[in-house]
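Trainee: Dumping the structure here so I can ask a few things about it.
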Amino acid sequence: MSKKTTALLVCAAVTAAMASHPALAEEQEIRIGALYATSGPCLIFGESALKGHQMLVDKVNAEGGIDGRKVVTVHRDSKCNPAEATAAARDMIAKDGVDFLVGGISSSEGQAISEVAKQEGVIYVASIPKTTEMTSPEYFHRHLFRAAANTNTEGKSAAIIVDKLGWDKVCTLLLDYSYGYSLDESFTAHLQKIRPDAQIINQEWPKFGTTDYTAYITKTMGAGCDGVFSNIWGGIFPAFAKQAKPFGFFDQLEFVSAGEVGAPLVSENMGKDMPAGIWTNSYELFYYPDTPEHNAYVKELKDYLGSEHPPSWPSTGYIAAKWVLEGVRAAGDVNADAVIAALEGLTIDTPIGKQTMRASDHQANRGQFWGQMSDSEDESYPYKVLNPVEYVPADDLMD
Amino acid sequence: MFDNPVLLFIQLMNGLSLGMNLFIISSGLTLILGVLRVLNFAHGAFFMLGGYVCFTLVGAFDMSPMGFWLAVIGSALALGALAWIIERLMLRHLYHRDHLYQLLFTYALVLLIGDLVKVGWGSSVLSVSFPPGLDGATNLGVAYYPSYRLLLCVIGVLVGLGLWYFVNRTRAGRLVRAARQDREMLESLGINVGRIYLWVFVAGSAIAGMGGALAAPAIALAPGMDAEIVVECFIIAIIGGLGSLGGAFLGSLILGLLNAFGVLLIPEFEIVLIYLMMVLVLLIRPWGLLGKPEAGYR
């Protein structure tokens, strides 16, 4: 072989390598489209969830990726609005070439993204949307997975708490939209099953978006019940609580609240206005449980956010991203069909313990933390915390 | 439900206090509507901004005993000043234009202020604590009722009386009434009507700011809270009679009581009651319960 030919060959090889290298890298990347609202009414939750997602992705990339595949996140602001979410999801699939979608906050957003995932054949892991409608036979499709607890789990856990508190006459104060209706259904059904003597004697349905709950508060107080089950969720609970407190509402009635009123951020925002003694839930709590994997997560999150008492919402984004990455790891591929097969029945480690994705309807057995609002014993954290607190597992409650 | 007189009494108080809270806000709208003939869509946004300014000022005054009340006054002044700027720079050029331009202009203000609030205060729900001493309940003999809501009733009545006295018993009020009836005549008498318009707009907006600050402890602050309130204010103005202060008072009470007893008696239809009421009034007395028919209508 002459020197000239050798040089040419080397040139050609280098050129080929240069040309093929980026394509090779692209193939190996895991491209995730994250749809979290970073403006609009859900901004505070969306930003937090996105941070959790990013923290996990950064960590995985620093450790060399999943089997050498780098993880790339493309974020679009879904503005807590189903139309925006649909447009953003389509855009990310077409322009950014994402292989997976995660995110969504409201149930309407979740259903919109799910529809795109179905049409485009892209896997969607719902991090926060709860409505059981998404996984009902009418809407469920094989590309949809849910990392969040569904409304069945939430309503039935509430019924378990109500049973423990021993209420016989129950009032409900649920918001007049799909989230309230779903909870009403699961709560009532489960309460009848585990506590047949209990009766629901009064139901109020305040409009979603109302600013004055007074009429509902006083009517509920006049109904003569032992306690109230509500879903006035964390973001709007402060207004309700402040209006209810001067009537002596929380002194007279026991209160069980769905909708993550127990999230540390809600407690911090409300300060002394947070009523003591109510029972409520949270996705995650930086102060519970005291397990090595949870402590490691909290420490990591503290460093990542630079905050001594990190919020609970990052866990939603973190766990959704974890499902995608563990699915790819188990499949050894980013191909949708391979990852779907790998995710079905898969069990993964999360900061709040082991989670399993059941094969039948792609619902993770995500439970919830429930507890009673009490004063904190930690002097550096002068806000109310859930104590006593427990993890209510979802395995028997999801249907 | 009727076998529980305490509950009925409390619902009545709920209706009255909600009505008085609405009146504080709608009186400013009515004043502007009556004199300037401008449908101020931004009135709800001024109300919202008043609440947010109050939130910031309460933080700045660090909850000294008078802090909240200083913040209320501060909110009224801040919104008055903003209204002064808006009137001088922009609104006054639109008085002679078609109503559509005024609507578009005030709607633009709604969008601007809405985004301003999001940039300045974020999107989360904020909460102002009750002023010291008013976070409890007062014994009314029949039942305990939250002290702060009682105070809102009293302030609503005082605002109503104050405005009535000003419009009907003072020289400046006479000029305001004259400007409302015949602008050209008043101008030809050498009165600076532009100034009257300016101060009515400033006063109306300051009342909206004060209303927002006063409502802040009773409700919650969130972007978008302006939309509901401005619709309610317009319904009040239509039921009571466009530009009629007494009508606004009556309309506010009707709306408050419809809400309280609607929830109690027919909760499924509570949401449509006020609209039905509005339709009824428009059919029977299109100029409102206490309004006067426009010339040419009879």
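Just remember, in the structure tokens the first chain shown is A, the second B, etc., residues are 1-based per chain, and ligands are 1-based in the order shown.
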Which residues of chain B come within 8 Å of chain A, and what is each one's closest atom pair and distance in Å (one decimal), counting only C-alpha atoms, sorted by chain and residue number, as CSV?

Mentor:
residue,atom,partner,partner_atom,distance
B:Asn4,CA,A:Gly222,CA,7.8
B:Leu7,CA,A:Gly222,CA,6.0
B:Ile10,CA,A:Thr218,CA,7.1
B:Gln11,CA,A:Ala215,CA,6.4
B:Asn14,CA,A:Ala215,CA,6.5
B:Ser123,CA,A:Pro41,CA,5.5
B:Ser124,CA,A:Ile44,CA,6.4
B:Val125,CA,A:Gly235,CA,6.2
B:Leu126,CA,A:Asn269,CA,7.8
B:Ser127,CA,A:Pro238,CA,6.8
B:Ser129,CA,A:Asp273,CA,7.7
B:Asp135,CA,A:Pro246,CA,6.4
B:Gly136,CA,A:Pro246,CA,5.1
B:Ala137,CA,A:Pro246,CA,5.6
B:Tyr144,CA,A:Phe247,CA,7.2
B:Tyr145,CA,A:Phe247,CA,6.4
B:Pro146,CA,A:Pro246,CA,5.1
B:Ser147,CA,A:Pro246,CA,7.8
B:Pro217,CA,A:Lys242,CA,7.8
B:Ala218,CA,A:Gln243,CA,6.2
B:Ile219,CA,A:Ala239,CA,5.4
B:Ala220,CA,A:Ala239,CA,4.7
B:Pro223,CA,A:Pro41,CA,7.5
B:Met225,CA,A:Thr211,CA,7.7
B:Asn259,CA,A:Ala215,CA,7.6
B:Ala260,CA,A:Ala215,CA,5.3
B:Val263,CA,A:Ala215,CA,6.5
B:Leu264,CA,A:Lys219,CA,6.6
B:Pro267,CA,A:Glu204,CA,7.8

Trainee: For the selection just defined, write its residues with N, CA and C atoms to a file, as an mmCIF file, in the first residue's frame.

Mentor:
data_model
loop_
_atom_site.group_PDB
_atom_site.id
_atom_site.type_symbol
_atom_site.label_atom_id
_atom_site.label_comp_id
_atom_site.auth_asym_id
_atom_site.auth_seq_id
_atom_site.Cartn_x
_atom_site.Cartn_y
_atom_site.Cartn_z
ATOM 1 N N ASN B 4 -83.605 25.379 62.468
ATOM 2 C CA ASN B 4 -82.381 25.799 63.140
ATOM 3 C C ASN B 4 -82.217 27.323 63.019
ATOM 4 N N LEU B 7 -78.680 28.786 62.628
ATOM 5 C CA LEU B 7 -78.093 28.652 61.287
ATOM 6 C C LEU B 7 -78.669 29.714 60.342
ATOM 7 N N ILE B 10 -77.077 32.981 61.093
ATOM 8 C CA ILE B 10 -75.691 33.070 60.614
ATOM 9 C C ILE B 10 -75.657 33.228 59.094
ATOM 10 N N GLN B 11 -76.542 32.517 58.398
ATOM 11 C CA GLN B 11 -76.560 32.676 56.935
ATOM 12 C C GLN B 11 -76.967 34.110 56.568
ATOM 13 N N ASN B 14 -74.001 36.147 57.019
ATOM 14 C CA ASN B 14 -73.088 35.884 55.896
ATOM 15 C C ASN B 14 -73.477 36.703 54.683
ATOM 16 N N SER B 123 -47.435 33.499 41.398
ATOM 17 C CA SER B 123 -48.746 32.934 41.096
ATOM 18 C C SER B 123 -49.364 32.186 42.267
ATOM 19 N N SER B 124 -48.624 32.029 43.355
ATOM 20 C CA SER B 124 -49.190 31.226 44.442
ATOM 21 C C SER B 124 -50.209 32.043 45.229
ATOM 22 N N VAL B 125 -51.021 31.332 45.982
ATOM 23 C CA VAL B 125 -52.055 31.991 46.766
ATOM 24 C C VAL B 125 -51.423 32.624 47.997
ATOM 25 N N LEU B 126 -51.631 33.911 48.186
ATOM 26 C CA LEU B 126 -51.063 34.606 49.337
ATOM 27 C C LEU B 126 -52.166 34.902 50.339
ATOM 28 N N SER B 127 -51.738 35.094 51.575
ATOM 29 C CA SER B 127 -52.722 35.231 52.635
ATOM 30 C C SER B 127 -52.283 36.335 53.589
ATOM 31 N N SER B 129 -52.901 37.998 57.279
ATOM 32 C CA SER B 129 -53.509 37.616 58.559
ATOM 33 C C SER B 129 -54.541 38.656 58.992
ATOM 34 N N ASP B 135 -59.208 38.516 65.052
ATOM 35 C CA ASP B 135 -59.138 37.163 64.498
ATOM 36 C C ASP B 135 -60.125 36.224 65.181
ATOM 37 N N GLY B 136 -60.854 36.712 66.147
ATOM 38 C CA GLY B 136 -61.792 35.847 66.872
ATOM 39 C C GLY B 136 -63.222 36.072 66.449
ATOM 40 N N ALA B 137 -64.147 35.705 67.331
ATOM 41 C CA ALA B 137 -65.564 35.857 67.042
ATOM 42 C C ALA B 137 -66.215 36.712 68.123
ATOM 43 N N TYR B 144 -72.186 33.220 67.849
ATOM 44 C CA TYR B 144 -70.906 33.891 67.662
ATOM 45 C C TYR B 144 -70.702 34.162 66.178
ATOM 46 N N TYR B 145 -70.115 35.314 65.859
ATOM 47 C CA TYR B 145 -69.863 35.613 64.459
ATOM 48 C C TYR B 145 -68.481 36.242 64.333
ATOM 49 N N PRO B 146 -67.715 35.882 63.259
ATOM 50 C CA PRO B 146 -66.347 36.398 63.142
ATOM 51 C C PRO B 146 -66.296 37.926 63.215
ATOM 52 N N SER B 147 -65.449 38.432 64.103
ATOM 53 C CA SER B 147 -65.392 39.876 64.340
ATOM 54 C C SER B 147 -65.039 40.648 63.070
ATOM 55 N N PRO B 217 -57.752 39.959 54.212
ATOM 56 C CA PRO B 217 -57.745 38.961 55.292
ATOM 57 C C PRO B 217 -58.915 37.985 55.193
ATOM 58 N N ALA B 218 -60.033 38.427 54.647
ATOM 59 C CA ALA B 218 -61.225 37.576 54.621
ATOM 60 C C ALA B 218 -61.164 36.552 53.502
ATOM 61 N N ILE B 219 -60.483 36.880 52.409
ATOM 62 C CA ILE B 219 -60.376 35.941 51.294
ATOM 63 C C ILE B 219 -58.899 35.653 51.059
ATOM 64 N N ALA B 220 -58.555 35.121 49.908
ATOM 65 C CA ALA B 220 -57.150 34.869 49.623
ATOM 66 C C ALA B 220 -56.765 35.664 48.388
ATOM 67 N N PRO B 223 -53.825 35.455 41.505
ATOM 68 C CA PRO B 223 -54.075 36.052 40.196
ATOM 69 C C PRO B 223 -55.393 35.503 39.660
ATOM 70 N N MET B 225 -58.326 36.614 40.673
ATOM 71 C CA MET B 225 -59.411 36.908 41.600
ATOM 72 C C MET B 225 -60.234 38.107 41.132
ATOM 73 N N ASN B 259 -76.605 34.680 47.556
ATOM 74 C CA ASN B 259 -75.523 33.708 47.696
ATOM 75 C C ASN B 259 -75.711 32.871 48.966
ATOM 76 N N ALA B 260 -75.944 33.557 50.100
ATOM 77 C CA ALA B 260 -76.015 32.850 51.380
ATOM 78 C C ALA B 260 -77.204 31.903 51.427
ATOM 79 N N VAL B 263 -77.130 28.924 48.710
ATOM 80 C CA VAL B 263 -76.340 27.762 49.131
ATOM 81 C C VAL B 263 -77.121 26.937 50.146
ATOM 82 N N LEU B 264 -77.871 27.621 51.013
ATOM 83 C CA LEU B 264 -78.602 26.929 52.073
ATOM 84 C C LEU B 264 -79.784 26.140 51.516
ATOM 85 N N PRO B 267 -78.746 24.541 46.737
ATOM 86 C CA PRO B 267 -77.332 24.630 46.380
ATOM 87 C C PRO B 267 -77.051 24.326 44.907
#

Trainee: Per DSSP on the backbone, what are the alpha helix (DSSP H) residues of stretch 14-77 of chain B, as a PyMOL selection string?

Mentor: chain B and resi 14-36+43-61+67-77

Trainee: Could you tell me, as a ChimeraX atom specification, which residues of stretch 233-390 of chain A DSSP assigns to strand (DSSP E) when given the backbone?

Mentor: /A:254-257,279-282,347-350,353-356,368-374,385-390

Trainee: Excluding same-chain residues fewer than 2 positions from A:Ile319, what lies within 12 Å of it counting only C-alpha atoms, as number ranges by chain?

Mentor: A: 49-57, 102-103, 125-128, 146-149, 283-284, 297, 312-317, 321-326, 348-356, 364, 366

Trainee: Taking 2 positions as the minimum chain separation for residues in the same chain, which residues sit within 10 Å of B:Ala227 when counting only C-alpha atoms? Answer as an NGL selection string.

Mentor: :B and (41-45 or 48 or 110 or 114 or 223-225 or 229-232)

Trainee: Would you list the contacts of stretch 269-285 of chain B as a list in words, taking every protein, DNA or RNA residue within 8 Å and counting only C-alpha atoms, but skipping same-chain residues closer than 2 positions in sequence?

Mentor: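 My list of contacting residues is Ile235, Ile238, Ile239, Leu255, Leu258, Asn259, Gly262, Val263, Ile266, Pro267, Trp287, Gly288 and Leu289 of chain B.
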
Trainee: Those residues with N, CA and C atoms, as a tab-separated table (two decimals), in the first residue's frame please?

Mentor:
chain	number	residue	atom	x	y	z
B	235	ILE	N	-73.00	43.09	37.67
B	235	ILE	CA	-74.36	42.60	37.92
B	235	ILE	C	-75.06	43.50	38.95
B	238	ILE	N	-76.13	46.62	37.32
B	238	ILE	CA	-77.29	46.44	36.45
B	238	ILE	C	-78.56	46.26	37.27
B	239	ILE	N	-78.47	45.45	38.34
B	239	ILE	CA	-79.66	45.24	39.18
B	239	ILE	C	-80.06	46.54	39.87
B	255	LEU	N	-77.31	40.50	46.16
B	255	LEU	CA	-76.35	39.49	45.71
B	255	LEU	C	-75.81	38.68	46.90
B	258	LEU	N	-78.65	36.42	48.22
B	258	LEU	CA	-78.92	35.33	47.26
B	258	LEU	C	-77.86	34.25	47.39
B	259	ASN	N	-76.60	34.68	47.56
B	259	ASN	CA	-75.52	33.71	47.70
B	259	ASN	C	-75.71	32.87	48.97
B	262	GLY	N	-79.09	30.94	48.82
B	262	GLY	CA	-79.04	30.01	47.69
B	262	GLY	C	-78.29	28.75	48.06
B	263	VAL	N	-77.13	28.92	48.71
B	263	VAL	CA	-76.34	27.76	49.13
B	263	VAL	C	-77.12	26.94	50.15
B	266	ILE	N	-81.15	25.96	47.89
B	266	ILE	CA	-81.09	25.25	46.61
B	266	ILE	C	-79.67	25.28	46.07
B	267	PRO	N	-78.75	24.54	46.74
B	267	PRO	CA	-77.33	24.63	46.38
B	267	PRO	C	-77.05	24.33	44.91
B	287	TRP	N	-83.80	49.77	33.54
B	287	TRP	CA	-82.90	50.79	34.07
B	287	TRP	C	-82.49	50.51	35.51
B	288	GLY	N	-82.86	49.34	36.03
B	288	GLY	CA	-82.43	48.94	37.37
B	288	GLY	C	-83.42	49.33	38.43
B	289	LEU	N	-83.28	48.69	39.60
B	289	LEU	CA	-84.28	48.88	40.66
B	289	LEU	C	-84.38	50.33	41.11

Trainee: Find the distance between atom CA of A:Ile201 and atom CA of A:Ser282 and write it in Å to one decimal.

Mentor: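 Between atom CA of A:Ile201 and atom CA of A:Ser282 the gap is 27.3 Å.
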
Trainee: State, in Å with one decimal place, the distance from atom CA of B:Cys153 to atom CA of B:Gly19.

Mentor: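 Distance reported for this atom pair: 8.2 Å.
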
Trainee: Could you pull the residues within 9 Å of B:Gly156, counting only C-alpha atoms, minus those fewer than 3 positions along the same chain, as a list in words?

Mentor: Ser17, Gly19, Met20, Asn21, Leu22, Phe23, Ile24, Leu151, Leu152, Cys153, Val159, Gly160 and Leu161 of chain B

Trainee: With distances taken over only C-alpha atoms, which of B:Gly211, B:His99, B:Gly194, B:Ala60 is nearest to B:Leu33?

Mentor: B:His99

Trainee: Can you pull out the residues contacting stretch 331-335 of chain A? Cut-off 12 Å, using only C-alpha atoms, and skip same-chain residues under 3 positions away; I want them as a PyMOL selection string.

Mentor: chain A and resi 26-32+66-71+98-100+121-123+143+323-328+338-344+346

Trainee: Selection from above, N, CA and C atoms, as a compact mmCIF listing (two decimals), in the first residue's frame, can you write it?

Mentor:
# COMPACT_ATOMS: atom_id res chain seq x y z
N GLU A 26 -26.49 10.59 19.11
CA GLU A 26 -27.93 10.89 19.14
C GLU A 26 -28.72 9.62 19.40
N GLU A 27 -28.30 8.55 18.78
CA GLU A 27 -29.00 7.30 18.95
C GLU A 27 -28.93 6.81 20.38
N GLN A 28 -27.84 7.13 21.03
CA GLN A 28 -27.65 6.60 22.36
C GLN A 28 -28.30 7.45 23.44
N GLU A 29 -28.71 8.66 23.06
CA GLU A 29 -29.32 9.53 24.07
C GLU A 29 -30.71 9.06 24.45
N ILE A 30 -31.07 9.35 25.71
CA ILE A 30 -32.45 9.14 26.15
C ILE A 30 -33.07 10.53 26.21
N ARG A 31 -33.98 10.79 25.27
CA ARG A 31 -34.53 12.15 25.19
C ARG A 31 -35.92 12.18 25.84
N ILE A 32 -36.02 12.98 26.93
CA ILE A 32 -37.27 13.07 27.68
C ILE A 32 -37.87 14.46 27.53
N ILE A 66 -27.35 6.01 31.56
CA ILE A 66 -27.92 4.67 31.70
C ILE A 66 -27.25 3.78 30.65
N ASP A 67 -26.42 2.84 31.08
CA ASP A 67 -25.66 1.98 30.16
C ASP A 67 -24.95 2.81 29.10
N GLY A 68 -24.37 3.92 29.53
CA GLY A 68 -23.64 4.76 28.59
C GLY A 68 -24.50 5.74 27.81
N ARG A 69 -25.81 5.63 27.96
CA ARG A 69 -26.68 6.58 27.25
C ARG A 69 -26.85 7.84 28.10
N LYS A 70 -26.61 8.98 27.46
CA LYS A 70 -26.78 10.24 28.16
C LYS A 70 -28.28 10.59 28.18
N VAL A 71 -28.71 11.26 29.25
CA VAL A 71 -30.12 11.65 29.34
C VAL A 71 -30.26 13.13 29.01
N VAL A 98 -38.25 13.78 21.07
CA VAL A 98 -38.21 13.11 22.38
C VAL A 98 -38.83 11.72 22.26
N ASP A 99 -38.30 10.80 23.08
CA ASP A 99 -38.79 9.42 23.08
C ASP A 99 -39.80 9.18 24.19
N PHE A 100 -39.77 10.09 25.20
CA PHE A 100 -40.64 9.91 26.37
C PHE A 100 -41.22 11.25 26.77
N GLY A 121 -47.63 7.32 19.66
CA GLY A 121 -46.93 6.11 20.10
C GLY A 121 -45.70 6.39 20.93
N VAL A 122 -45.79 7.44 21.77
CA VAL A 122 -44.68 7.80 22.65
C VAL A 122 -45.11 7.50 24.09
N ILE A 123 -44.19 6.97 24.88
CA ILE A 123 -44.53 6.64 26.27
C ILE A 123 -44.71 7.91 27.08
N HIS A 143 -49.37 3.12 26.00
CA HIS A 143 -48.24 4.02 26.16
C HIS A 143 -48.35 4.89 27.41
N TRP A 323 -38.98 6.33 36.73
CA TRP A 323 -39.68 5.27 35.99
C TRP A 323 -39.15 5.17 34.55
N VAL A 324 -39.01 6.31 33.90
CA VAL A 324 -38.52 6.30 32.52
C VAL A 324 -37.13 5.68 32.46
N LEU A 325 -36.24 6.16 33.34
CA LEU A 325 -34.85 5.73 33.27
C LEU A 325 -34.70 4.25 33.65
N GLU A 326 -35.43 3.82 34.66
CA GLU A 326 -35.35 2.41 35.04
C GLU A 326 -35.97 1.51 33.97
N GLY A 327 -37.00 2.05 33.31
CA GLY A 327 -37.62 1.30 32.20
C GLY A 327 -36.61 1.08 31.08
N VAL A 328 -35.86 2.13 30.74
CA VAL A 328 -34.85 2.03 29.68
C VAL A 328 -33.74 1.08 30.12
N ALA A 338 -40.21 -2.03 23.63
CA ALA A 338 -39.32 -2.71 24.57
C ALA A 338 -39.48 -2.12 25.97
N VAL A 339 -39.57 -0.79 26.06
CA VAL A 339 -39.67 -0.14 27.37
C VAL A 339 -41.01 -0.44 28.01
N ILE A 340 -42.09 -0.46 27.20
CA ILE A 340 -43.41 -0.80 27.75
C ILE A 340 -43.36 -2.19 28.38
N ALA A 341 -42.78 -3.14 27.64
CA ALA A 341 -42.70 -4.51 28.15
C ALA A 341 -41.89 -4.56 29.44
N ALA A 342 -40.82 -3.74 29.50
CA ALA A 342 -39.97 -3.75 30.69
C ALA A 342 -40.67 -3.11 31.88
N LEU A 343 -41.45 -2.06 31.62
CA LEU A 343 -42.09 -1.34 32.73
C LEU A 343 -43.22 -2.15 33.36
N GLU A 344 -43.91 -2.95 32.56
CA GLU A 344 -45.05 -3.69 33.08
C GLU A 344 -44.59 -4.66 34.17
N LEU A 346 -42.68 -3.94 36.63
CA LEU A 346 -41.35 -3.57 37.14
C LEU A 346 -41.45 -2.99 38.55

Trainee: Could you tell me how far atom CA of A:His362 lies from atom CA of A:Thr153, in Å and to one decimal?

Mentor: 14.6 Å
